[in-house]
Every structure is written in C-alpha cells, then in structure tokens.
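Dropping protein06.pdb in here (PDB, N, CA and C atoms):
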```pdb
ATOM      1  N   MET C   1      39.041  -0.039 -11.873  1.00  0.00           N
ATOM      2  CA  MET C   1      37.933  -0.955 -11.980  1.00  0.00           C
ATOM      3  C   MET C   1      36.849  -0.551 -10.974  1.00  0.00           C
ATOM      4  N   PHE C   2      35.606  -0.911 -11.275  1.00  0.00           N
ATOM      5  CA  PHE C   2      34.490  -0.552 -10.414  1.00  0.00           C
ATOM      6  C   PHE C   2      33.680  -1.779 -10.021  1.00  0.00           C
ATOM      7  N   GLU C   3      33.107  -1.705  -8.853  1.00  0.00           N
ATOM      8  CA  GLU C   3      32.151  -2.698  -8.349  1.00  0.00           C
ATOM      9  C   GLU C   3      30.776  -2.037  -8.423  1.00  0.00           C
ATOM     10  N   TYR C   4      29.758  -2.796  -8.796  1.00  0.00           N
ATOM     11  CA  TYR C   4      28.409  -2.237  -8.927  1.00  0.00           C
ATOM     12  C   TYR C   4      27.450  -2.931  -7.976  1.00  0.00           C
ATOM     13  N   LYS C   5      26.484  -2.162  -7.505  1.00  0.00           N
ATOM     14  CA  LYS C   5      25.464  -2.682  -6.590  1.00  0.00           C
ATOM     15  C   LYS C   5      24.100  -2.204  -7.076  1.00  0.00           C
ATOM     16  N   TYR C   6      23.125  -3.097  -7.056  1.00  0.00           N
ATOM     17  CA  TYR C   6      21.776  -2.790  -7.515  1.00  0.00           C
ATOM     18  C   TYR C   6      20.800  -2.981  -6.356  1.00  0.00           C
ATOM     19  N   VAL C   7      19.999  -1.963  -6.079  1.00  0.00           N
ATOM     20  CA  VAL C   7      19.023  -2.024  -4.992  1.00  0.00           C
ATOM     21  C   VAL C   7      17.637  -1.880  -5.616  1.00  0.00           C
ATOM     22  N   LYS C   8      16.830  -2.928  -5.467  1.00  0.00           N
ATOM     23  CA  LYS C   8      15.493  -2.956  -6.055  1.00  0.00           C
ATOM     24  C   LYS C   8      14.488  -2.290  -5.116  1.00  0.00           C
ATOM     25  N   ILE C   9      13.695  -1.367  -5.655  1.00  0.00           N
ATOM     26  CA  ILE C   9      12.662  -0.651  -4.908  1.00  0.00           C
ATOM     27  C   ILE C   9      11.316  -0.976  -5.547  1.00  0.00           C
ATOM     28  N   GLY C  10      10.429  -1.583  -4.784  1.00  0.00           N
ATOM     29  CA  GLY C  10       9.106  -1.903  -5.293  1.00  0.00           C
ATOM     30  C   GLY C  10       8.236  -0.653  -5.424  1.00  0.00           C
ATOM     31  N   LEU C  11       7.317  -0.686  -6.352  1.00  0.00           N
ATOM     32  CA  LEU C  11       6.392   0.421  -6.568  1.00  0.00           C
ATOM     33  C   LEU C  11       4.972  -0.080  -6.356  1.00  0.00           C
ATOM     34  N   SER C  12       4.104   0.802  -5.836  1.00  0.00           N
ATOM     35  CA  SER C  12       2.718   0.413  -5.612  1.00  0.00           C
ATOM     36  C   SER C  12       1.799   1.521  -6.079  1.00  0.00           C
ATOM     37  N   GLY C  13       0.552   1.172  -6.222  1.00  0.00           N
ATOM     38  CA  GLY C  13      -0.448   2.140  -6.644  1.00  0.00           C
ATOM     39  C   GLY C  13      -1.091   1.706  -7.946  1.00  0.00           C
ATOM     40  N   LEU C  14      -2.383   1.955  -8.060  1.00  0.00           N
ATOM     41  CA  LEU C  14      -3.113   1.550  -9.254  1.00  0.00           C
ATOM     42  C   LEU C  14      -3.004   2.603 -10.350  1.00  0.00           C
ATOM     43  N   PHE C  15      -3.294   3.840 -10.015  1.00  0.00           N
ATOM     44  CA  PHE C  15      -3.268   4.902 -11.018  1.00  0.00           C
ATOM     45  C   PHE C  15      -2.015   5.758 -10.931  1.00  0.00           C
ATOM     46  N   THR C  16      -1.383   5.779  -9.775  1.00  0.00           N
ATOM     47  CA  THR C  16      -0.104   6.460  -9.613  1.00  0.00           C
ATOM     48  C   THR C  16       0.904   5.433  -9.128  1.00  0.00           C
ATOM     49  N   THR C  17       2.154   5.693  -9.331  1.00  0.00           N
ATOM     50  CA  THR C  17       3.204   4.768  -8.927  1.00  0.00           C
ATOM     51  C   THR C  17       4.053   5.429  -7.856  1.00  0.00           C
ATOM     52  N   ASN C  18       4.021   4.856  -6.663  1.00  0.00           N
ATOM     53  CA  ASN C  18       4.767   5.393  -5.528  1.00  0.00           C
ATOM     54  C   ASN C  18       5.761   4.351  -5.027  1.00  0.00           C
ATOM     55  N   PRO C  19       6.984   4.769  -4.695  1.00  0.00           N
ATOM     56  CA  PRO C  19       7.958   3.811  -4.155  1.00  0.00           C
ATOM     57  C   PRO C  19       7.535   3.315  -2.782  1.00  0.00           C
ATOM     58  N   ASN C  20       7.818   2.031  -2.525  1.00  0.00           N
ATOM     59  CA  ASN C  20       7.501   1.428  -1.221  1.00  0.00           C
ATOM     60  C   ASN C  20       8.510   1.808  -0.151  1.00  0.00           C
ATOM     61  N   THR C  21       9.655   2.342  -0.560  1.00  0.00           N
ATOM     62  CA  THR C  21      10.746   2.687   0.345  1.00  0.00           C
ATOM     63  C   THR C  21      11.237   4.093   0.010  1.00  0.00           C
ATOM     64  N   ASP C  22      11.774   4.789   1.010  1.00  0.00           N
ATOM     65  CA  ASP C  22      12.316   6.121   0.785  1.00  0.00           C
ATOM     66  C   ASP C  22      13.664   5.994   0.082  1.00  0.00           C
ATOM     67  N   TYR C  23      13.669   6.188  -1.223  1.00  0.00           N
ATOM     68  CA  TYR C  23      14.886   6.009  -2.007  1.00  0.00           C
ATOM     69  C   TYR C  23      15.942   7.065  -1.684  1.00  0.00           C
ATOM     70  N   LYS C  24      15.534   8.251  -1.235  1.00  0.00           N
ATOM     71  CA  LYS C  24      16.506   9.295  -0.898  1.00  0.00           C
ATOM     72  C   LYS C  24      17.354   8.873   0.300  1.00  0.00           C
ATOM     73  N   THR C  25      16.744   8.211   1.263  1.00  0.00           N
ATOM     74  CA  THR C  25      17.478   7.703   2.423  1.00  0.00           C
ATOM     75  C   THR C  25      18.442   6.600   2.002  1.00  0.00           C
ATOM     76  N   ILE C  26      18.008   5.736   1.113  1.00  0.00           N
ATOM     77  CA  ILE C  26      18.873   4.649   0.629  1.00  0.00           C
ATOM     78  C   ILE C  26      20.096   5.233  -0.074  1.00  0.00           C
ATOM     79  N   ILE C  27      19.894   6.244  -0.915  1.00  0.00           N
ATOM     80  CA  ILE C  27      21.014   6.875  -1.619  1.00  0.00           C
ATOM     81  C   ILE C  27      21.974   7.520  -0.627  1.00  0.00           C
ATOM     82  N   ALA C  28      21.439   8.240   0.353  1.00  0.00           N
ATOM     83  CA  ALA C  28      22.284   8.903   1.357  1.00  0.00           C
ATOM     84  C   ALA C  28      23.088   7.887   2.167  1.00  0.00           C
ATOM     85  N   ASN C  29      22.452   6.792   2.569  1.00  0.00           N
ATOM     86  CA  ASN C  29      23.142   5.767   3.357  1.00  0.00           C
ATOM     87  C   ASN C  29      24.262   5.099   2.555  1.00  0.00           C
ATOM     88  N   HIS C  30      23.999   4.823   1.284  1.00  0.00           N
ATOM     89  CA  HIS C  30      25.034   4.217   0.447  1.00  0.00           C
ATOM     90  C   HIS C  30      26.194   5.182   0.212  1.00  0.00           C
ATOM     91  N   ALA C  31      25.896   6.470   0.076  1.00  0.00           N
ATOM     92  CA  ALA C  31      26.948   7.475  -0.106  1.00  0.00           C
ATOM     93  C   ALA C  31      27.879   7.501   1.107  1.00  0.00           C
ATOM     94  N   LYS C  32      27.325   7.350   2.298  1.00  0.00           N
ATOM     95  CA  LYS C  32      28.143   7.312   3.522  1.00  0.00           C
ATOM     96  C   LYS C  32      29.078   6.111   3.535  1.00  0.00           C
ATOM     97  N   GLU C  33      28.687   5.045   2.823  1.00  0.00           N
ATOM     98  CA  GLU C  33      29.500   3.824   2.748  1.00  0.00           C
ATOM     99  C   GLU C  33      30.471   3.855   1.572  1.00  0.00           C
ATOM    100  N   GLY C  34      30.523   4.982   0.857  1.00  0.00           N
ATOM    101  CA  GLY C  34      31.465   5.114  -0.245  1.00  0.00           C
ATOM    102  C   GLY C  34      30.922   4.781  -1.617  1.00  0.00           C
ATOM    103  N   TRP C  35      29.627   4.489  -1.716  1.00  0.00           N
ATOM    104  CA  TRP C  35      29.020   4.186  -3.009  1.00  0.00           C
ATOM    105  C   TRP C  35      28.589   5.476  -3.692  1.00  0.00           C
ATOM    106  N   ARG C  36      28.755   5.532  -5.000  1.00  0.00           N
ATOM    107  CA  ARG C  36      28.316   6.673  -5.795  1.00  0.00           C
ATOM    108  C   ARG C  36      27.052   6.276  -6.538  1.00  0.00           C
ATOM    109  N   PHE C  37      26.001   7.095  -6.394  1.00  0.00           N
ATOM    110  CA  PHE C  37      24.746   6.841  -7.098  1.00  0.00           C
ATOM    111  C   PHE C  37      24.960   7.116  -8.579  1.00  0.00           C
ATOM    112  N   VAL C  38      24.569   6.171  -9.442  1.00  0.00           N
ATOM    113  CA  VAL C  38      24.782   6.290 -10.878  1.00  0.00           C
ATOM    114  C   VAL C  38      23.479   6.570 -11.615  1.00  0.00           C
ATOM    115  N   GLN C  39      22.430   5.784 -11.330  1.00  0.00           N
ATOM    116  CA  GLN C  39      21.221   5.878 -12.142  1.00  0.00           C
ATOM    117  C   GLN C  39      20.059   5.144 -11.487  1.00  0.00           C
ATOM    118  N   ILE C  40      18.844   5.570 -11.867  1.00  0.00           N
ATOM    119  CA  ILE C  40      17.628   4.811 -11.554  1.00  0.00           C
ATOM    120  C   ILE C  40      17.189   4.144 -12.849  1.00  0.00           C
ATOM    121  N   PHE C  41      16.958   2.847 -12.791  1.00  0.00           N
ATOM    122  CA  PHE C  41      16.514   2.084 -13.949  1.00  0.00           C
ATOM    123  C   PHE C  41      15.113   1.565 -13.653  1.00  0.00           C
ATOM    124  N   ALA C  42      14.147   1.862 -14.518  1.00  0.00           N
ATOM    125  CA  ALA C  42      12.760   1.428 -14.319  1.00  0.00           C
ATOM    126  C   ALA C  42      12.249   0.723 -15.574  1.00  0.00           C
ATOM    127  N   PRO C  43      12.318  -0.605 -15.600  1.00  0.00           N
ATOM    128  CA  PRO C  43      11.811  -1.328 -16.764  1.00  0.00           C
ATOM    129  C   PRO C  43      10.283  -1.334 -16.786  1.00  0.00           C
ATOM    130  N   ALA C  44       9.716  -1.224 -17.953  1.00  0.00           N
ATOM    131  CA  ALA C  44       8.256  -1.280 -18.096  1.00  0.00           C
ATOM    132  C   ALA C  44       7.836  -2.743 -18.162  1.00  0.00           C
ATOM    133  N   ILE C  45       7.405  -3.298 -17.031  1.00  0.00           N
ATOM    134  CA  ILE C  45       7.110  -4.730 -17.010  1.00  0.00           C
ATOM    135  C   ILE C  45       5.716  -5.070 -16.495  1.00  0.00           C
ATOM    136  N   SER C  46       5.009  -4.121 -15.910  1.00  0.00           N
ATOM    137  CA  SER C  46       3.695  -4.470 -15.385  1.00  0.00           C
ATOM    138  C   SER C  46       2.619  -4.026 -16.375  1.00  0.00           C
ATOM    139  N   GLY C  47       1.383  -4.145 -16.000  1.00  0.00           N
ATOM    140  CA  GLY C  47       0.273  -3.803 -16.879  1.00  0.00           C
ATOM    141  C   GLY C  47       0.302  -2.370 -17.352  1.00  0.00           C
ATOM    142  N   TYR C  48      -0.141  -2.147 -18.543  1.00  0.00           N
ATOM    143  CA  TYR C  48      -0.234  -0.821 -19.158  1.00  0.00           C
ATOM    144  C   TYR C  48       1.122  -0.152 -19.309  1.00  0.00           C
ATOM    145  N   GLY C  49       2.191  -0.940 -19.342  1.00  0.00           N
ATOM    146  CA  GLY C  49       3.528  -0.409 -19.561  1.00  0.00           C
ATOM    147  C   GLY C  49       4.141   0.302 -18.375  1.00  0.00           C
ATOM    148  N   LYS C  50       3.505   0.212 -17.200  1.00  0.00           N
ATOM    149  CA  LYS C  50       4.057   0.842 -15.996  1.00  0.00           C
ATOM    150  C   LYS C  50       5.106  -0.065 -15.370  1.00  0.00           C
ATOM    151  N   ALA C  51       6.089   0.558 -14.770  1.00  0.00           N
ATOM    152  CA  ALA C  51       7.106  -0.221 -14.060  1.00  0.00           C
ATOM    153  C   ALA C  51       6.527  -0.722 -12.740  1.00  0.00           C
ATOM    154  N   ALA C  52       6.874  -1.945 -12.372  1.00  0.00           N
ATOM    155  CA  ALA C  52       6.457  -2.508 -11.089  1.00  0.00           C
ATOM    156  C   ALA C  52       7.516  -2.270 -10.019  1.00  0.00           C
ATOM    157  N   TYR C  53       8.714  -1.912 -10.463  1.00  0.00           N
ATOM    158  CA  TYR C  53       9.811  -1.635  -9.548  1.00  0.00           C
ATOM    159  C   TYR C  53      10.823  -0.772 -10.284  1.00  0.00           C
ATOM    160  N   PHE C  54      11.771  -0.237  -9.527  1.00  0.00           N
ATOM    161  CA  PHE C  54      12.933   0.361 -10.165  1.00  0.00           C
ATOM    162  C   PHE C  54      14.166  -0.038  -9.380  1.00  0.00           C
ATOM    163  N   GLU C  55      15.309   0.081 -10.007  1.00  0.00           N
ATOM    164  CA  GLU C  55      16.559  -0.266  -9.359  1.00  0.00           C
ATOM    165  C   GLU C  55      17.443   0.967  -9.259  1.00  0.00           C
ATOM    166  N   LEU C  56      18.024   1.136  -8.090  1.00  0.00           N
ATOM    167  CA  LEU C  56      19.029   2.157  -7.884  1.00  0.00           C
ATOM    168  C   LEU C  56      20.367   1.502  -8.188  1.00  0.00           C
ATOM    169  N   ILE C  57      21.181   2.149  -8.998  1.00  0.00           N
ATOM    170  CA  ILE C  57      22.473   1.588  -9.382  1.00  0.00           C
ATOM    171  C   ILE C  57      23.566   2.436  -8.751  1.00  0.00           C
ATOM    172  N   PHE C  58      24.446   1.748  -8.022  1.00  0.00           N
ATOM    173  CA  PHE C  58      25.564   2.394  -7.344  1.00  0.00           C
ATOM    174  C   PHE C  58      26.874   1.792  -7.856  1.00  0.00           C
ATOM    175  N   GLU C  59      27.948   2.592  -7.768  1.00  0.00           N
ATOM    176  CA  GLU C  59      29.268   2.073  -8.102  1.00  0.00           C
ATOM    177  C   GLU C  59      30.273   2.511  -7.047  1.00  0.00           C
ATOM    178  N   LYS C  60      31.308   1.684  -6.907  1.00  0.00           N
ATOM    179  CA  LYS C  60      32.399   1.981  -5.976  1.00  0.00           C
ATOM    180  C   LYS C  60      33.695   1.523  -6.642  1.00  0.00           C
ATOM    181  N   LYS C  61      34.704   2.361  -6.555  1.00  0.00           N
ATOM    182  CA  LYS C  61      36.000   2.018  -7.146  1.00  0.00           C
ATOM    183  C   LYS C  61      36.657   0.916  -6.338  1.00  0.00           C
ATOM    184  N   THR C  62      37.153  -0.113  -7.036  1.00  0.00           N
ATOM    185  CA  THR C  62      37.873  -1.207  -6.384  1.00  0.00           C
ATOM    186  C   THR C  62      39.361  -1.043  -6.649  1.00  0.00           C
ATOM    187  N   GLU C  63      40.143  -1.725  -5.874  1.00  0.00           N
ATOM    188  CA  GLU C  63      41.599  -1.576  -6.009  1.00  0.00           C
ATOM    189  C   GLU C  63      42.199  -2.707  -6.764  1.00  0.00           C
TER     190      GLU C  63
END
```
Representation of the structure as structure tokens:
Amino acid sequence: MFEYKYVKIGLSGLFTTNPNTDYKTIIANHAKEGWRFVQIFAPAISGYGKAAYFELIFEKKTE
C-alpha cells in the first residue's frame, strides 16, 4: 500500500509562468525523507487556459 502527498506550488507571471518556489529543492528534500516523486499536475484553471499552480505528487510505501 502507498501513502500520497501533494505539494501545491503557486505560479506567477502575466505572459510567462514561473514557479514561486524552487520545486527542485522540494523534490530533493522529500526524497531525503523517503518520498518518491511521481508527477507534476498542472490544471488549466486561470485566464487563457494557463495554470495558476501545479502540484507535486509524492508517494511512500506504507506497512
């Protein structure tokens, strides 16, 4: 069985979309805690179909 964790990263910018947080550091820190990075999910929810945020999805095996 697996446990899942979702970390929301806000995006900013009018014409380009840049993460508000260094997602590479977040992934590395979670890996040190035993979490495996699974996917980035970016729903198109803001104006002009751009994502306003994305979520990093992690999993960890439970006992």
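Put simply, CA of Ile9 (chain C) is 23.6 Å away from CA of Lys61 (chain C).
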DSSP strand (DSSP E or B) residues within chain C, as a count of residues only: 28
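Taking CA of Glu33 (chain C) as the reference point, CA of Thr21 (chain C) is found at 18.9 Å.
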Surrounding residues of Met1 (chain C) excluding itself and chain neighbours under 5 positions, 8 Å, only N, CA and C atoms, as a PyMOL selection string: chain C and resi 60-63
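Polymer residues near (15.4, 1.7, -14.8): counting all atoms listed in the file with a cut-off of 6.5 Å, they are Ile40, Phe41, Ala42, Pro43, Phe54 and Glu55 of chain C.
Note that the spacing between CA of Tyr23 (chain C) and CA of Tyr4 (chain C) amounts to 17.3 Å.
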Within 10 Å of Ser12 (chain C) using only C-alpha atoms, minus same-chain residues under 5 positions, as a PyMOL selection string: chain C and resi 17-20+51-53
5 Å contact set for Tyr6 (chain C), all atoms listed in the file, chain neighbours under 2 positions out, as an MDAnalysis selection string: chainID C and resid 4 8 56:57
Per-residue DSSP, chain C, filtered to helix (DSSP H, G or I), as a VMD selection string: chain C and resid 23 to 32 47 to 49
Centre and size of axis-aligned box enclosing region 30-45 of chain C plus 4 Å each side, as JSON:
```
{"center_x": 18.6, "center_y": 1.2, "center_z": -7.3, "size_x": 33.7, "size_y": 20.6, "size_z": 29.7}
```
Emit a file covering region 24-56 of chain C of the preceding structure with N, CA and C atoms, as an mmCIF file, in the first residue's frame.
```cif
data_model
loop_
_atom_site.group_PDB
_atom_site.id
_atom_site.type_symbol
_atom_site.label_atom_id
_atom_site.label_comp_id
_atom_site.auth_asym_id
_atom_site.auth_seq_id
_atom_site.Cartn_x
_atom_site.Cartn_y
_atom_site.Cartn_z
ATOM 1 N N LYS C 24 12.718 22.022 -7.431
ATOM 2 C CA LYS C 24 13.791 21.024 -7.404
ATOM 3 C C LYS C 24 14.263 20.780 -5.972
ATOM 4 N N THR C 25 14.324 21.827 -5.174
ATOM 5 C CA THR C 25 14.699 21.693 -3.766
ATOM 6 C C THR C 25 13.630 20.922 -3.001
ATOM 7 N N ILE C 26 12.378 21.195 -3.289
ATOM 8 C CA ILE C 26 11.276 20.487 -2.619
ATOM 9 C C ILE C 26 11.351 18.994 -2.933
ATOM 10 N N ILE C 27 11.595 18.646 -4.194
ATOM 11 C CA ILE C 27 11.700 17.236 -4.580
ATOM 12 C C ILE C 27 12.874 16.574 -3.871
ATOM 13 N N ALA C 28 14.021 17.244 -3.845
ATOM 14 C CA ALA C 28 15.212 16.685 -3.187
ATOM 15 C C ALA C 28 14.977 16.479 -1.692
ATOM 16 N N ASN C 29 14.347 17.449 -1.037
ATOM 17 C CA ASN C 29 14.086 17.339 0.401
ATOM 18 C C ASN C 29 13.122 16.191 0.713
ATOM 19 N N HIS C 30 12.095 16.038 -0.113
ATOM 20 C CA HIS C 30 11.152 14.940 0.102
ATOM 21 C C HIS C 30 11.813 13.585 -0.140
ATOM 22 N N ALA C 31 12.711 13.512 -1.118
ATOM 23 C CA ALA C 31 13.430 12.265 -1.393
ATOM 24 C C ALA C 31 14.263 11.849 -0.180
ATOM 25 N N LYS C 32 14.867 12.811 0.497
ATOM 26 C CA LYS C 32 15.651 12.516 1.709
ATOM 27 C C LYS C 32 14.778 11.948 2.819
ATOM 28 N N GLU C 33 13.482 12.291 2.790
ATOM 29 C CA GLU C 33 12.532 11.807 3.799
ATOM 30 C C GLU C 33 11.866 10.501 3.378
ATOM 31 N N GLY C 34 12.293 9.941 2.243
ATOM 32 C CA GLY C 34 11.751 8.664 1.801
ATOM 33 C C GLY C 34 10.600 8.741 0.822
ATOM 34 N N TRP C 35 10.244 9.946 0.381
ATOM 35 C CA TRP C 35 9.162 10.103 -0.587
ATOM 36 C C TRP C 35 9.709 9.954 -2.000
ATOM 37 N N ARG C 36 8.938 9.324 -2.866
ATOM 38 C CA ARG C 36 9.299 9.177 -4.271
ATOM 39 C C ARG C 36 8.457 10.147 -5.081
ATOM 40 N N PHE C 37 9.127 10.964 -5.907
ATOM 41 C CA PHE C 37 8.421 11.908 -6.770
ATOM 42 C C PHE C 37 7.712 11.122 -7.865
ATOM 43 N N VAL C 38 6.416 11.383 -8.067
ATOM 44 C CA VAL C 38 5.616 10.650 -9.039
ATOM 45 C C VAL C 38 5.300 11.503 -10.262
ATOM 46 N N GLN C 39 4.815 12.734 -10.042
ATOM 47 C CA GLN C 39 4.313 13.518 -11.167
ATOM 48 C C GLN C 39 4.095 14.972 -10.771
ATOM 49 N N ILE C 40 4.122 15.839 -11.796
ATOM 50 C CA ILE C 40 3.666 17.225 -11.644
ATOM 51 C C ILE C 40 2.310 17.313 -12.330
ATOM 52 N N PHE C 41 1.329 17.839 -11.622
ATOM 53 C CA PHE C 41 -0.015 18.002 -12.158
ATOM 54 C C PHE C 41 -0.305 19.495 -12.238
ATOM 55 N N ALA C 42 -0.670 19.993 -13.417
ATOM 56 C CA ALA C 42 -0.954 21.419 -13.606
ATOM 57 C C ALA C 42 -2.318 21.595 -14.273
ATOM 58 N N PRO C 43 -3.360 21.827 -13.479
ATOM 59 C CA PRO C 43 -4.680 22.036 -14.069
ATOM 60 C C PRO C 43 -4.779 23.412 -14.724
ATOM 61 N N ALA C 44 -5.458 23.484 -15.832
ATOM 62 C CA ALA C 44 -5.669 24.768 -16.512
ATOM 63 C C ALA C 44 -6.866 25.460 -15.873
ATOM 64 N N ILE C 45 -6.608 26.380 -14.947
ATOM 65 C CA ILE C 45 -7.720 26.982 -14.213
ATOM 66 C C ILE C 45 -7.733 28.506 -14.243
ATOM 67 N N SER C 46 -6.666 29.138 -14.697
ATOM 68 C CA SER C 46 -6.676 30.596 -14.681
ATOM 69 C C SER C 46 -7.011 31.115 -16.078
ATOM 70 N N GLY C 47 -6.933 32.396 -16.270
ATOM 71 C CA GLY C 47 -7.280 33.009 -17.544
ATOM 72 C C GLY C 47 -6.465 32.487 -18.703
ATOM 73 N N TYR C 48 -7.066 32.412 -19.842
ATOM 74 C CA TYR C 48 -6.429 31.974 -21.087
ATOM 75 C C TYR C 48 -5.935 30.538 -21.014
ATOM 76 N N GLY C 49 -6.510 29.739 -20.124
ATOM 77 C CA GLY C 49 -6.165 28.328 -20.025
ATOM 78 C C GLY C 49 -4.835 28.034 -19.367
ATOM 79 N N LYS C 50 -4.199 29.051 -18.771
ATOM 80 C CA LYS C 50 -2.924 28.836 -18.079
ATOM 81 C C LYS C 50 -3.177 28.317 -16.672
ATOM 82 N N ALA C 51 -2.265 27.499 -16.212
ATOM 83 C CA ALA C 51 -2.368 27.009 -14.835
ATOM 84 C C ALA C 51 -1.956 28.119 -13.873
ATOM 85 N N ALA C 52 -2.654 28.216 -12.752
ATOM 86 C CA ALA C 52 -2.304 29.181 -11.711
ATOM 87 C C ALA C 52 -1.390 28.549 -10.668
ATOM 88 N N TYR C 53 -1.329 27.224 -10.680
ATOM 89 C CA TYR C 53 -0.481 26.494 -9.751
ATOM 90 C C TYR C 53 -0.222 25.118 -10.342
ATOM 91 N N PHE C 54 0.720 24.407 -9.736
ATOM 92 C CA PHE C 54 0.843 22.990 -10.039
ATOM 93 C C PHE C 54 1.093 22.246 -8.744
ATOM 94 N N GLU C 55 0.851 20.959 -8.765
ATOM 95 C CA GLU C 55 1.056 20.137 -7.588
ATOM 96 C C GLU C 55 2.121 19.091 -7.874
ATOM 97 N N LEU C 56 3.018 18.944 -6.922
ATOM 98 C CA LEU C 56 3.993 17.874 -6.958
ATOM 99 C C LEU C 56 3.365 16.703 -6.220
#
```
